[in-house]
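Source file: my_file_16.pdb (PDB, C-alpha atoms)
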ATOM      1  CA  TYR A 166       0.000   0.000   0.000
ATOM      2  CA  ILE A 167       2.007   2.867  -1.375
ATOM      3  CA  TYR A 168      -0.098   5.721   0.053
ATOM      4  CA  LEU A 169      -0.680   4.246   3.522
ATOM      5  CA  GLU A 170       2.237   6.077   5.126
ATOM      6  CA  HIS A 171       1.030   9.393   3.716
ATOM      7  CA  GLY A 172      -2.494   8.705   4.975
ATOM      8  CA  ALA A 173      -1.134   7.950   8.432
ATOM      9  CA  HIS A 174       0.772  11.229   8.482
ATOM     10  CA  TRP A 175      -2.341  13.145   7.394
ATOM     11  CA  ALA A 176      -4.323  11.410  10.153
ATOM     12  CA  ILE A 177      -1.692  12.344  12.749
ATOM     13  CA  GLY A 178      -1.779  15.951  11.527
ATOM     14  CA  ALA A 179      -5.569  16.035  11.762
ATOM     15  CA  LEU A 180      -5.458  14.563  15.254
ATOM     16  CA  ALA A 181      -2.897  17.183  16.311
ATOM     17  CA  LEU A 182      -5.152  19.931  14.942
ATOM     18  CA  ILE A 183      -8.129  18.465  16.805
ATOM     19  CA  LEU A 184      -6.037  18.370  19.980
ATOM     20  CA  MET A 185      -5.299  22.086  19.635
ATOM     21  CA  VAL A 186      -8.944  22.888  18.926
ATOM     22  CA  SER A 187     -10.055  20.806  21.914
ATOM     23  CA  ILE A 188      -8.191  23.153  24.251
ATOM     24  CA  GLY A 189     -11.053  25.627  23.886
ATOM     25  CA  VAL A 190     -13.920  23.497  22.559
ATOM     26  CA  HIS A 191     -15.020  19.957  23.384
ATOM     27  CA  VAL A 192     -14.559  17.652  20.397
ATOM     28  CA  ASN A 193     -16.442  14.368  20.508
ATOM     29  CA  GLU A 194     -14.253  11.255  20.437
ATOM     30  CA  LEU A 195     -16.417   9.798  17.674
ATOM     31  CA  ILE A 196     -15.534  12.745  15.416
ATOM     32  CA  THR A 197     -11.859  12.351  16.228
ATOM     33  CA  GLY A 198     -11.871   8.634  15.457
ATOM     34  CA  LEU A 199     -13.851   8.984  12.245
ATOM     35  CA  ILE A 200     -11.493  11.618  10.883
ATOM     36  CA  GLY A 201      -8.487   9.365  11.493
ATOM     37  CA  ILE A 202     -10.245   6.369   9.950
ATOM     38  CA  ALA A 203     -11.297   8.462   6.952
ATOM     39  CA  PHE A 204      -7.707   9.461   6.159
ATOM     40  CA  ILE A 205      -6.411   5.904   6.570
ATOM     41  CA  GLY A 206      -9.316   4.472   4.562
ATOM     42  CA  ALA A 207      -8.800   6.961   1.738
ATOM     43  CA  ALA A 208      -5.105   6.070   1.616
ATOM     44  CA  VAL A 209      -5.825   2.335   1.458
ATOM     45  CA  PHE A 210      -8.491   2.845  -1.233
ATOM     46  CA  SER A 211      -6.124   5.007  -3.295
ATOM     47  CA  SER A 212      -3.335   2.449  -2.944
ATOM     48  CA  ILE A 213      -5.576  -0.416  -4.063
ATOM     49  CA  ARG A 214      -6.862   1.611  -7.030
ATOM     50  CA  ARG A 215      -3.311   2.528  -8.071
ATOM     51  CA  ASN A 216      -2.126  -1.068  -7.810
ATOM     52  CA  ARG A 217      -5.106  -2.260  -9.869
ATOM     53  CA  ASP A 218      -4.538   0.382 -12.553
ATOM     54  CA  GLU A 219      -0.839  -0.472 -12.702
ATOM     55  CA  ASP A 220      -1.546  -4.190 -13.194
ATOM     56  CA  GLU A 221      -3.957  -3.724 -16.110
ATOM     57  CA  PRO A 222      -2.347  -3.904 -19.547
ATOM     58  CA  LYS A 223      -2.348  -0.554 -21.233
ATOM     59  CA  GLN A 224      -3.872  -0.370 -24.726
ATOM     60  CA  SER A 225      -2.540   2.224 -27.091
ATOM     61  CA  ALA A 226      -5.149   4.702 -28.292
ATOM     62  CA  THR A 227      -3.157   5.270 -31.488
ATOM     63  CA  ALA A 228      -3.017   1.600 -32.491
ATOM     64  CA  GLU A 229      -3.888   0.990 -36.102
ATOM     65  CA  PRO A 230      -6.987  -1.111 -36.741
ATOM     66  CA  VAL A 231      -6.393  -4.616 -38.026
ATOM     67  CA  SER A 232      -8.045  -5.290 -41.366
ATOM     68  CA  VAL A 233      -9.437  -8.752 -42.085
ATOM     69  CA  SER A 234      -9.106  -9.860 -45.733
TER      70      SER A 234
END

Rendering of file as structure tokens:
Amino acid sequence: YIYLEHGAHWAIGALALILMVSIGVHVNELITGLIGIAFIGAAVFSSIRRNRDEDEPKQSATAEPVSVS
């Protein structure tokens, strides 16, 4: 999963921001958890999609049509 590390860093950054906001305002733990899971989930989904796209054979759009005689 190529993007998982990046997703984890984004989740840590979001959690740090929530920690700073929670100094003045109460932030529900459910919100905090869902934001972290959303970043990690998006990273896993993006990694899977990239791996799938990389495995598919690429067809050239400029390929000449084959004529049957």

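Put simply, atom CA of A:Ala173 is 25.5 Å away from atom CA of A:Gly189.
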
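Each of A:Ile196, A:Ile213, A:Ile188, A:Ala179 was checked against A:Ile167 using all atoms listed in the file; the smallest atom-to-atom distance is that of A:Ile213.
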
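Atom pair atom CA of A:Asp218 / atom CA of A:Gly178: separated by 28.8 Å.
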
Selection dump of the PyMOL selection byres ((chain A and resi 166) around 10), as a PyMOL selection string | chain A and resi 167-170+208-216

Axis-aligned box for stretch 188-191 of chain A, 5 Å per side, centre and edges in Å as JSON:
{"center_x": -11.6, "center_y": 22.8, "center_z": 23.4, "size_x": 16.8, "size_y": 15.7, "size_z": 11.7}

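Taken over the shown file, the PyMOL selection byres ((chain A and resi 201) around 9) identifies Gly172, Ala173, Trp175, Ala176, Ile177, Ala179, Leu180, Ile196, Thr197, Gly198, Leu199, Ile200, Ile202, Ala203, Phe204, Ile205 and Gly206 of chain A.
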
Store the residues of this selection in a file with C-alpha atoms, as a compact mmCIF listing (two decimals), in the frame of the given file.
# COMPACT_ATOMS: atom_id res chain seq x y z
CA GLY A 172 -2.49 8.70 4.97
CA ALA A 173 -1.13 7.95 8.43
CA TRP A 175 -2.34 13.14 7.39
CA ALA A 176 -4.32 11.41 10.15
CA ILE A 177 -1.69 12.34 12.75
CA ALA A 179 -5.57 16.04 11.76
CA LEU A 180 -5.46 14.56 15.25
CA ILE A 196 -15.53 12.74 15.42
CA THR A 197 -11.86 12.35 16.23
CA GLY A 198 -11.87 8.63 15.46
CA LEU A 199 -13.85 8.98 12.24
CA ILE A 200 -11.49 11.62 10.88
CA ILE A 202 -10.24 6.37 9.95
CA ALA A 203 -11.30 8.46 6.95
CA PHE A 204 -7.71 9.46 6.16
CA ILE A 205 -6.41 5.90 6.57
CA GLY A 206 -9.32 4.47 4.56

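Take atom CA of A:Ala207 and atom CA of A:His171: the distance between them is 10.3 Å.
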